[in-house]
>>> print(open('work_32.cif').read())   # mmCIF, C-alpha atoms
data_input
#
loop_
_atom_site.label_atom_id
_atom_site.label_comp_id
_atom_site.auth_asym_id
_atom_site.auth_seq_id
_atom_site.Cartn_x
_atom_site.Cartn_y
_atom_site.Cartn_z
CA MET A 9 109.29 90.17 89.23
CA ALA A 10 109.49 86.56 88.19
CA THR A 11 113.22 86.56 88.72
CA THR A 12 112.95 87.80 92.31
CA ALA A 13 110.14 85.48 93.29
CA THR A 14 111.11 82.24 94.93
CA ALA A 15 110.64 79.00 93.09
CA HIS A 16 107.80 78.06 95.41
CA VAL A 17 105.79 81.22 94.68
CA THR A 18 106.35 80.95 90.93
CA LYS A 19 105.15 77.41 91.07
CA SER A 20 101.97 78.19 92.95
CA TRP A 21 100.96 81.17 90.82
CA SER A 22 101.94 79.91 87.38
CA GLY A 23 98.62 78.20 86.86
CA GLY A 24 97.33 74.68 87.16
CA LYS A 25 97.67 74.77 90.94
CA SER A 26 95.70 76.12 93.86
CA PRO A 27 97.77 79.11 95.01
CA PHE A 28 96.31 79.14 98.53
CA ASN A 29 96.10 75.36 98.77
CA VAL A 30 92.78 75.51 100.64
CA GLU A 31 89.34 74.69 99.41
CA TYR A 32 86.84 77.39 98.47
CA GLY A 33 84.74 77.23 101.65
CA LYS A 34 87.71 77.59 103.96
CA LEU A 35 89.09 80.58 102.07
CA MET A 36 85.68 82.26 102.16
CA MET A 37 85.43 81.54 105.89
CA TRP A 38 88.75 83.32 106.36
CA TYR A 39 87.48 86.31 104.36
CA PHE A 40 84.29 86.39 106.40
CA LEU A 41 86.24 86.25 109.64
CA MET A 42 88.45 89.09 108.44
CA SER A 43 85.37 91.25 107.83
CA ASP A 44 83.99 90.22 111.20
CA ALA A 45 87.30 91.19 112.79
CA PHE A 46 86.84 94.68 111.37
CA THR A 47 83.30 94.86 112.77
CA PHE A 48 84.47 93.93 116.26
CA GLY A 49 87.52 96.13 115.83
CA ALA A 50 85.30 99.09 114.98
CA PHE A 51 83.17 98.45 118.08
CA LEU A 52 86.14 98.16 120.40
CA ILE A 53 87.98 101.13 118.92
CA SER A 54 84.83 103.24 119.22
CA TYR A 55 84.67 102.19 122.88
CA GLY A 56 88.34 103.11 123.31
CA THR A 57 87.86 106.49 121.67
CA ILE A 58 84.96 107.41 123.93
CA ARG A 59 86.88 106.20 126.97
CA PHE A 60 89.90 108.27 125.98
CA SER A 61 87.73 111.37 125.53
CA THR A 62 86.20 111.05 129.03
CA ASN A 63 87.85 112.08 132.30
CA GLY A 64 86.53 109.27 134.45
CA TRP A 65 85.44 105.69 133.88
CA PRO A 66 83.90 103.04 136.18
CA ASP A 67 86.26 100.56 137.80
CA PRO A 68 85.62 97.08 136.35
CA ASN A 69 86.60 95.49 139.67
CA GLU A 70 83.79 97.45 141.30
CA VAL A 71 81.22 96.57 138.65
CA PHE A 72 81.99 92.94 137.88
CA ARG A 73 82.53 91.51 141.32
CA SER A 74 79.56 89.21 141.81
CA PHE A 75 79.48 85.47 141.72
CA PRO A 76 76.53 83.08 141.49
CA PHE A 77 75.42 81.64 144.83
CA ALA A 78 77.92 83.86 146.67
CA PRO A 79 76.65 85.06 150.04
CA GLU A 80 75.56 88.69 150.37
CA GLY A 81 78.41 91.15 150.66
CA VAL A 82 81.08 88.83 149.33
CA HIS A 83 82.92 90.51 146.48
CA ALA A 84 85.03 88.53 144.08
CA PRO A 85 86.31 90.76 141.29
CA LEU A 86 87.61 89.01 138.18
CA VAL A 87 86.77 85.52 139.45
CA PHE A 88 83.57 84.89 137.51
CA VAL A 89 84.90 86.32 134.26
CA SER A 90 88.10 84.26 134.51
CA ILE A 91 85.96 81.14 134.73
CA MET A 92 84.11 82.27 131.59
CA THR A 93 87.45 82.81 129.86
CA PHE A 94 88.71 79.35 130.75
CA ILE A 95 85.45 77.76 129.60
CA LEU A 96 85.91 79.36 126.19
CA ILE A 97 89.61 78.42 125.94
CA ILE A 98 88.86 74.79 126.83
CA SER A 99 85.98 74.62 124.34
CA SER A 100 88.40 75.95 121.72
CA VAL A 101 90.82 73.14 122.56
CA THR A 102 88.11 70.48 122.22
CA MET A 103 87.22 72.03 118.84
CA VAL A 104 90.84 71.64 117.68
CA LEU A 105 90.70 68.03 118.80
CA ALA A 106 87.47 67.54 116.84
CA VAL A 107 89.11 68.98 113.71
CA GLN A 108 92.10 66.72 114.23
CA ALA A 109 89.87 63.68 114.68
CA GLY A 110 88.15 64.69 111.45
CA HIS A 111 91.50 64.61 109.64
CA ASN A 112 91.94 61.04 110.81
CA MET A 113 88.36 60.13 109.72
CA ASP A 114 87.65 59.28 113.35
CA LYS A 115 83.89 59.67 113.67
CA LYS A 116 83.83 58.78 117.35
CA GLY A 117 86.47 61.38 118.20
CA VAL A 118 84.69 64.07 116.21
CA THR A 119 81.38 63.33 117.93
CA LYS A 120 82.88 63.30 121.41
CA ASN A 121 84.84 66.53 121.01
CA LEU A 122 81.98 68.33 119.25
CA ILE A 123 79.70 67.48 122.17
CA TRP A 124 82.26 68.89 124.62
CA THR A 125 82.57 72.04 122.51
CA ILE A 126 78.80 72.50 122.45
CA ILE A 127 78.64 72.01 126.22
CA GLY A 128 81.39 74.62 126.65
CA GLY A 129 79.53 77.08 124.44
CA ILE A 130 76.27 76.59 126.32
CA ALA A 131 78.10 76.95 129.65
CA PHE A 132 79.62 80.23 128.49
CA LEU A 133 76.24 81.53 127.33
CA SER A 134 74.68 80.57 130.67
CA CYS A 135 77.40 82.47 132.53
CA GLN A 136 76.80 85.50 130.36
CA ALA A 137 73.04 85.29 130.84
CA TRP A 138 73.54 85.20 134.60
CA GLU A 139 75.89 88.18 134.50
CA TRP A 140 73.57 90.26 132.32
CA ASN A 141 70.63 89.40 134.55
CA HIS A 142 72.59 90.35 137.65
CA LEU A 143 73.73 93.67 136.18
CA HIS A 144 70.18 94.38 135.07
CA HIS A 145 68.98 93.86 138.64
CA GLU A 146 71.59 96.35 139.79
CA GLY A 147 70.02 98.88 137.43
CA ALA A 148 72.49 98.62 134.55
CA TRP A 149 71.11 98.41 131.05
CA TRP A 150 71.34 100.27 127.77
CA GLY A 151 70.75 103.89 128.72
CA SER A 152 71.14 103.50 132.46
CA ASN A 153 74.30 103.27 134.49
CA PRO A 154 74.09 102.90 138.28
CA PHE A 155 77.86 102.82 138.71
CA LEU A 156 80.11 105.73 139.60
CA ASN A 157 83.45 106.47 138.06
CA HIS A 158 86.54 105.06 139.71
CA ASP A 159 87.37 108.48 141.17
CA GLY A 160 83.87 108.85 142.64
CA THR A 161 82.47 111.27 140.07
CA ALA A 162 79.24 110.80 138.09
CA SER A 163 79.52 108.39 135.18
CA SER A 164 77.74 108.55 131.84
CA THR A 165 75.74 105.77 130.22
CA ASN A 166 78.53 105.22 127.69
CA PHE A 167 79.95 102.51 129.90
CA THR A 168 76.86 100.31 130.02
CA ASN A 169 75.92 101.04 126.41
CA TYR A 170 79.26 99.79 125.16
CA PHE A 171 79.38 96.88 127.57
CA PHE A 172 75.98 95.48 126.62
CA THR A 173 76.38 96.15 122.91
CA ILE A 174 79.79 94.55 122.56
CA THR A 175 79.34 91.60 124.91
CA GLY A 176 75.88 91.13 123.39
CA PHE A 177 77.30 91.04 119.88
CA HIS A 178 79.94 88.57 121.04
CA GLY A 179 77.32 86.48 122.84
CA PHE A 180 75.31 86.37 119.62
CA HIS A 181 78.41 85.00 117.88
CA VAL A 182 78.79 82.34 120.56
CA PHE A 183 75.13 81.46 120.13
CA SER A 184 75.41 81.09 116.36
CA GLY A 185 78.65 79.13 116.87
CA VAL A 186 76.80 76.68 119.12
CA ILE A 187 74.06 76.33 116.48
CA ILE A 188 76.69 75.67 113.78
CA ASN A 189 78.37 73.08 116.01
CA ILE A 190 75.04 71.36 116.66
CA ILE A 191 74.46 71.18 112.91
CA MET A 192 77.97 69.73 112.51
CA LEU A 193 77.18 67.16 115.19
CA ILE A 194 73.95 66.13 113.44
CA MET A 195 75.78 65.86 110.12
CA THR A 196 78.48 63.73 111.75
CA LEU A 197 75.96 61.43 113.42
CA THR A 198 74.01 60.99 110.17
CA ASP A 199 77.27 59.98 108.41
CA LYS A 200 77.13 62.93 105.99
CA PHE A 201 80.90 63.37 106.21
CA GLU A 202 81.63 59.66 105.93
CA GLN A 203 79.69 59.68 102.65
CA ARG A 204 81.64 62.72 101.45
CA GLY A 205 84.88 61.05 102.37
CA HIS A 206 86.20 64.00 104.37
CA TYR A 207 85.45 66.09 107.44
CA LEU A 208 86.54 69.43 105.97
CA MET A 209 83.26 71.07 107.07
CA ILE A 210 84.30 70.61 110.71
CA GLU A 211 87.39 72.67 109.95
CA LYS A 212 85.30 75.62 108.78
CA ALA A 213 83.05 75.44 111.82
CA GLY A 214 86.24 75.21 113.88
CA LEU A 215 87.60 78.40 112.34
CA TYR A 216 84.42 80.23 113.30
CA TRP A 217 84.53 78.86 116.84
CA HIS A 218 88.18 79.85 117.33
CA PHE A 219 87.34 83.32 116.09
CA VAL A 220 84.67 83.60 118.79
CA ASP A 221 87.32 82.66 121.34
CA LEU A 222 89.72 85.17 119.80
CA VAL A 223 87.20 87.99 120.07
CA TRP A 224 86.59 87.10 123.71
CA VAL A 225 90.32 87.53 124.40
CA PHE A 226 89.95 91.15 123.28
CA VAL A 227 86.58 91.81 124.91
CA PHE A 228 87.77 90.28 128.19
CA THR A 229 90.87 92.46 128.21
CA CYS A 230 89.17 95.69 127.17
CA PHE A 231 86.19 95.48 129.56
CA TYR A 232 87.26 93.46 132.57
CA LEU A 233 91.02 93.85 132.95
CA ILE A 234 91.98 97.28 131.72
CA MET B 1 94.12 66.60 96.34
CA SER B 2 97.25 64.50 96.65
CA HIS B 3 99.16 67.74 97.08
CA THR B 4 96.85 68.78 99.93
CA ALA B 5 97.43 65.52 101.73
CA GLU B 6 101.16 65.92 101.33
CA HIS B 7 100.94 69.46 102.70
CA ASP B 8 98.88 68.41 105.68
CA GLU B 9 101.34 65.74 106.61
CA HIS B 10 104.15 68.09 107.47
CA ALA B 11 101.77 70.74 108.81
CA GLY B 12 101.14 71.06 112.52
CA GLY B 13 102.59 69.01 115.31
CA GLY B 14 99.42 67.11 116.20
CA THR B 15 98.25 66.53 119.75
CA LYS B 16 101.58 67.56 121.25
CA GLU B 17 101.29 71.01 119.70
CA ILE B 18 97.69 71.38 120.87
CA ILE B 19 98.69 70.60 124.45
CA LYS B 20 101.62 72.99 124.26
CA VAL B 21 99.44 75.84 122.98
CA THR B 22 96.75 75.09 125.59
CA VAL B 23 99.35 75.36 128.35
CA ILE B 24 100.73 78.61 126.90
CA LEU B 25 97.23 80.15 126.65
CA THR B 26 96.41 79.10 130.21
CA VAL B 27 99.65 80.51 131.59
CA LEU B 28 99.19 83.80 129.70
CA THR B 29 95.64 84.11 131.03
CA ILE B 30 96.77 83.42 134.59
CA VAL B 31 99.52 86.05 134.31
CA GLU B 32 96.93 88.51 132.97
CA LEU B 33 94.68 87.76 135.92
CA ILE B 34 97.53 88.17 138.40
CA LEU B 35 98.28 91.58 136.88
CA GLY B 36 94.56 92.40 137.07
CA PHE B 37 94.39 91.47 140.75
CA TRP B 38 97.56 93.40 141.42
CA MET B 39 96.07 96.49 139.81
CA ILE B 40 93.09 96.45 142.22
CA GLY B 41 95.39 97.46 145.07
CA ILE B 42 97.17 100.24 143.20
CA PRO B 43 95.61 103.67 143.81
CA LEU B 44 94.38 105.77 140.87
CA GLU B 45 96.97 108.46 141.58
CA GLN B 46 99.76 106.20 140.39
CA SER B 47 98.43 106.52 136.87
CA SER B 48 101.66 105.85 135.02
CA PHE B 49 102.24 102.64 136.96
CA ARG B 50 98.68 101.52 136.23
CA LEU B 51 99.21 102.40 132.59
CA ALA B 52 102.36 100.26 132.49
CA ILE B 53 100.43 97.26 133.84
CA LYS B 54 97.65 97.87 131.33
CA GLY B 55 100.24 97.99 128.55
CA THR B 56 101.68 94.66 129.71
CA ILE B 57 98.18 93.14 129.71
CA VAL B 58 97.65 94.35 126.14
CA ILE B 59 100.95 92.76 125.05
CA LEU B 60 99.90 89.47 126.67
CA MET B 61 96.54 89.78 124.90
CA MET B 62 98.31 90.10 121.55
CA ALA B 63 100.40 87.03 122.36
CA LYS B 64 97.24 85.06 123.13
CA ALA B 65 95.66 86.24 119.88
CA PHE B 66 98.78 85.10 118.00
CA TYR B 67 98.68 81.61 119.49
CA ILE B 68 94.97 81.17 118.77
CA VAL B 69 95.24 82.34 115.16
CA ALA B 70 98.57 80.67 114.38
CA TYR B 71 97.96 77.25 115.94
CA PHE B 72 94.26 76.74 116.69
CA MET B 73 93.17 78.37 113.45
CA HIS B 74 96.15 76.74 111.78
CA LEU B 75 97.17 79.89 109.92
CA LYS B 76 100.87 79.36 110.63
CA HIS B 77 100.84 76.13 108.65
CA GLU B 78 99.05 77.58 105.63
CA PHE B 79 100.79 78.84 102.50
CA LYS B 80 102.49 82.18 102.83
CA ASN B 81 100.14 83.60 100.16
CA LEU B 82 97.15 82.96 102.40
CA ILE B 83 98.88 84.29 105.53
CA MET B 84 99.67 87.54 103.71
CA THR B 85 96.14 87.84 102.32
CA ILE B 86 94.71 87.65 105.83
CA CYS B 87 97.33 89.59 107.80
CA VAL B 88 98.18 92.51 105.52
CA PRO B 89 94.64 94.00 105.46
CA LEU B 90 94.51 93.67 109.25
CA ALA B 91 97.53 96.00 109.43
CA LEU B 92 94.94 98.75 108.89
CA PHE B 93 94.20 98.34 112.58
CA ILE B 94 97.52 99.96 113.44
CA TRP B 95 96.35 103.21 111.89
CA PHE B 96 92.77 102.66 113.01
CA ILE B 97 93.69 102.32 116.70
CA THR B 98 96.38 105.01 116.77
CA ALA B 99 94.30 107.64 114.99
CA PHE B 100 91.07 107.11 116.91
CA LEU B 101 92.58 106.87 120.38
CA TYR B 102 94.71 109.93 119.68
CA ASP B 103 91.60 111.74 118.52
CA GLY B 104 89.67 110.77 121.64
CA ASN B 105 92.50 111.92 123.86
CA SER B 106 92.81 115.21 122.02
CA PHE B 107 89.04 115.78 122.31
CA ARG B 108 89.27 115.30 126.07
CA ASN B 109 92.15 117.77 126.35
CA LEU B 110 90.26 120.33 124.28
CA ARG B 111 87.15 119.97 126.41
CA ASN B 112 89.13 120.22 129.63
CA THR B 113 90.74 123.42 128.33
CA TYR B 114 87.77 125.16 126.72
CA ASP B 115 84.69 123.66 128.38
CA PRO B 116 84.69 124.63 132.08
CA HIS B 117 81.45 122.77 132.67
CA PHE B 118 82.91 119.50 131.40
CA LYS B 119 85.95 119.98 133.59
CA GLU B 120 83.89 120.85 136.65
CA GLN B 121 81.57 117.89 136.18
CA SER B 122 84.47 115.50 136.34
CA THR B 123 85.67 116.87 139.68
CA ILE B 124 82.39 116.75 141.64
CA LYS B 125 82.45 113.64 143.74
CA ILE B 126 79.16 111.92 144.36
CA GLU B 127 78.44 110.25 147.64
CA LYS B 128 78.57 106.54 147.25
CA LYS B 129 75.05 105.26 147.67
CA GLU B 130 74.00 102.09 149.34
CA GLU B 131 74.46 99.13 147.12
CA ALA B 132 71.42 97.70 145.46
CA THR B 133 71.21 94.21 146.83
CA HIS B 134 70.73 91.34 144.51
CA GLY B 135 67.12 90.71 143.56
CA GLU B 136 65.71 93.93 144.94
CA ALA B 137 64.74 95.40 141.64
CA LYS B 138 62.63 98.11 143.22
CA HIS B 139 65.51 99.41 145.23
CA ALA B 140 67.68 99.33 142.14
CA ASP B 141 65.07 101.33 140.24
CA GLU B 142 64.96 103.97 142.95
CA LYS B 143 68.68 104.21 142.86
CA HIS B 144 68.52 104.42 139.13
CA THR B 145 66.14 107.40 139.15
CA GLU B 146 68.26 109.13 141.74
CA GLU B 147 71.22 108.67 139.50
CA LYS B 148 69.26 110.16 136.63
CA LYS B 149 68.41 113.22 138.71
CA VAL B 150 72.03 113.74 139.57
CA GLU B 151 72.91 113.40 135.94
CA GLU B 152 70.26 115.90 134.93
CA LYS B 153 71.40 118.37 137.54
CA ALA B 154 74.91 118.06 136.33
CA GLY B 155 73.82 118.19 132.71
CA HIS B 156 71.85 121.47 132.82
#
>>> encode(input="work_32.cif", output="C-alpha cells")
Amino acid sequence: MATTATAHVTKSWSGGKSPFNVEYGKLMMWYFLMSDAFTFGAFLISYGTIRFSTNGWPDPNEVFRSFPFAPEGVHAPLVFVSIMTFILIISSVTMVLAVQAGHNMDKKGVTKNLIWTIIGGIAFLSCQAWEWNHLHHEGAWWGSNPFLNHDGTASSTNFTNYFFTITGFHGFHVFSGVIINIIMLIMTLTDKFEQRGHYLMIEKAGLYWHFVDLVWVFVFTCFYLI
Amino acid sequence: MSHTAEHDEHAGGGTKEIIKVTVILTVLTIVELILGFWMIGIPLEQSSFRLAIKGTIVILMMAKAFYIVAYFMHLKHEFKNLIMTICVPLALFIWFITAFLYDGNSFRNLRNTYDPHFKEQSTIKIEKKEEATHGEAKHADEKHTEEKKVEEKAGH
C-alpha cells in the first residue's frame, strides 16, 4: 500500500502531521453538516417517494403565485421565491467575504460583511414568514390542503405536510444560522478574535451558513420548480 | 501552523474567485427560472417534454450545489483526504434516491393495477372553486371544510 501511495499521502499519514490540515472545530463542523445533509436528504427523498407513488400533484405555479402588496388577482408564479433565492445567495457571498476578511485580520471587513449576512438572513426569514402566513390564510397548513392537483383531481394533504415540514426545518436552520452570526458579530466587536490572534471561528459559522444556502438550492428546486 | 499558512496561500483565488462563482450561481439560477417559466406554458399531456425540462433543472441544481460546496465552503482547496472523507459517504445518496423513487413509482403502478378505487379517485375531476381571497380567513375555512367533505366522500 505504501508503495502505491503518493509521496504527499505518505507524508500526511506517517505521523507528526495533521492529515486533514484543518483544525478540530472545522472538521467537526464538516461531520455535523454531513449528518445534517442526510437528515435533509431523508426528508426530501421521502417527499419524492410519496410524490412518485401518487397519480396527481398540485402545480407549484398555481400554489406559489402570490406576492406581497400585489393587487388582487395578480398572479406572479416563481417571482417571490426567486427573490428569496437571490437573497440567500447574496448573503452567502457576503459570508464568504467575511471569512476572507477574517483571514486578513480585517476586523472592519468582518463586521461589515457579517452585518450584511445577518440582514440577508432576517430578510429571508421575513419572506418565509409572509409566505407561510399567506398560505395559512388560503387554508393550507399541516393536515389541510385547499389546492387541487394539476390535472384537476382531488389532492391529499401530503403536499402541504411535506411543504411545511421541510421548509420549516430549513427555516429553523436559517434562524439558528442568524443567531450564530449574531454571536460571531458580538465576538468580533468585543475583540475576542483579535485576542485569539485568528478569526477561524468565522470560518465555521460560514460553513454552517453556506450549508443553509445549499439546502435551499435543493428545497427551492424540489418544491417550487419541479 | 506555519504549514497551514503556507497551504492557505496557494488555496483559493481570493475576491476574483468569489465574484466568478457569484456570477455563475446567478446565471444558473436565472436559467433555472427561465426553464421554470417555460414549463408553465407546457400542457401536462406532454409529460416526457416536461420531464426533460425537470431533468435539466436537476442537473443545474447539482451544478449549483457543486459551486457552493467547492468554492464557498472551500472544499475544493482542502486536502484530498478531507474531500474524500466528506464526499464518499454522500455517495450513499445515489442508492438512497434510486431505490426510494423506484419503490414509490412501483407502488403507484401496483395500486393503479390492483386498486380500482385508487385509480378511479385520480380520474375524478373536481370543479375548481372560487379562490379564497387574501385575508378572508372565514371564506378559506369554509372552502377548507368543503374540501374535507370531498375528500371524505372520495375516501369512503
>>> resolve_selection(input="work_32.cif", expression="the PyMOL selection byres ((chain A) within 6 of (chain B))", output="list of chain:residue names")
A:Phe28, A:Thr57, A:Phe60, A:Ser61, A:His145, A:Glu146, A:Gly147, A:Pro154, A:Gly160, A:Thr161, A:Leu215, A:Leu233, A:Ile234
>>> closest_residue(input="work_32.cif", among="A:Thr125, A:Ser164, A:Asn169, A:Ser134", to="A:Trp150", atoms="only C-alpha atoms")
A:Asn169
>>> atom_distance(input="work_32.cif", atom1="atom CA of A:His181", atom2="atom CA of A:His144")
21.2 Å
>>> resolve_selection(input="work_32.cif", expression="the PyMOL selection byres ((chain A and resi 122) around 7)", output="PyMOL selection string")
chain A and resi 103+106+118-121+123-126+189+193
>>> write_last_selection(input="work_32.cif", atoms="C-alpha atoms", output="compact mmCIF listing (two decimals), in the coordinates of the input")
# COMPACT_ATOMS: atom_id res chain seq x y z
CA MET A 103 87.22 72.03 118.84
CA ALA A 106 87.47 67.54 116.84
CA VAL A 118 84.69 64.07 116.21
CA THR A 119 81.38 63.33 117.93
CA LYS A 120 82.88 63.30 121.41
CA ASN A 121 84.84 66.53 121.01
CA ILE A 123 79.70 67.48 122.17
CA TRP A 124 82.26 68.89 124.62
CA THR A 125 82.57 72.04 122.51
CA ILE A 126 78.80 72.50 122.45
CA ASN A 189 78.37 73.08 116.01
CA LEU A 193 77.18 67.16 115.19
>>> resolve_selection(input="work_32.cif", expression="the PyMOL selection byres ((chain A and resi 211) around 9)", output="list in words")
Lys34, Met103, Val104, Ala106, Val107, Gln108, Gly110, Tyr207, Leu208, Met209, Ile210, Lys212, Ala213, Gly214, Leu215 and Tyr216 of chain A; Met73 of chain B
>>> residues_around(input="work_32.cif", residues="stretch 219-232 of chain A", least_positions_apart="5", cutoff="8 Å", atoms="all atoms listed in the file", output="ChimeraX atom specification")
/A:41,45,48,52,68-69,72,86,89,93,96-97,100,171,174-175,178,181-182,185 /B:57-58,61,64-65,68-69
>>> residues_around(input="work_32.cif", residues="A:Gln136", least_positions_apart="5", cutoff="10 Å", atoms="all atoms listed in the file", output="PyMOL selection string")
chain A and resi 88-89+92+130-131+141-142+175-176+179
>>> atom_distance(input="work_32.cif", atom1="atom CA of A:Ser163", atom2="atom CA of A:Val71")
12.4 Å
>>> atom_distance(input="work_32.cif", atom1="atom CA of A:Phe183", atom2="atom CA of A:Ser90")
19.6 Å
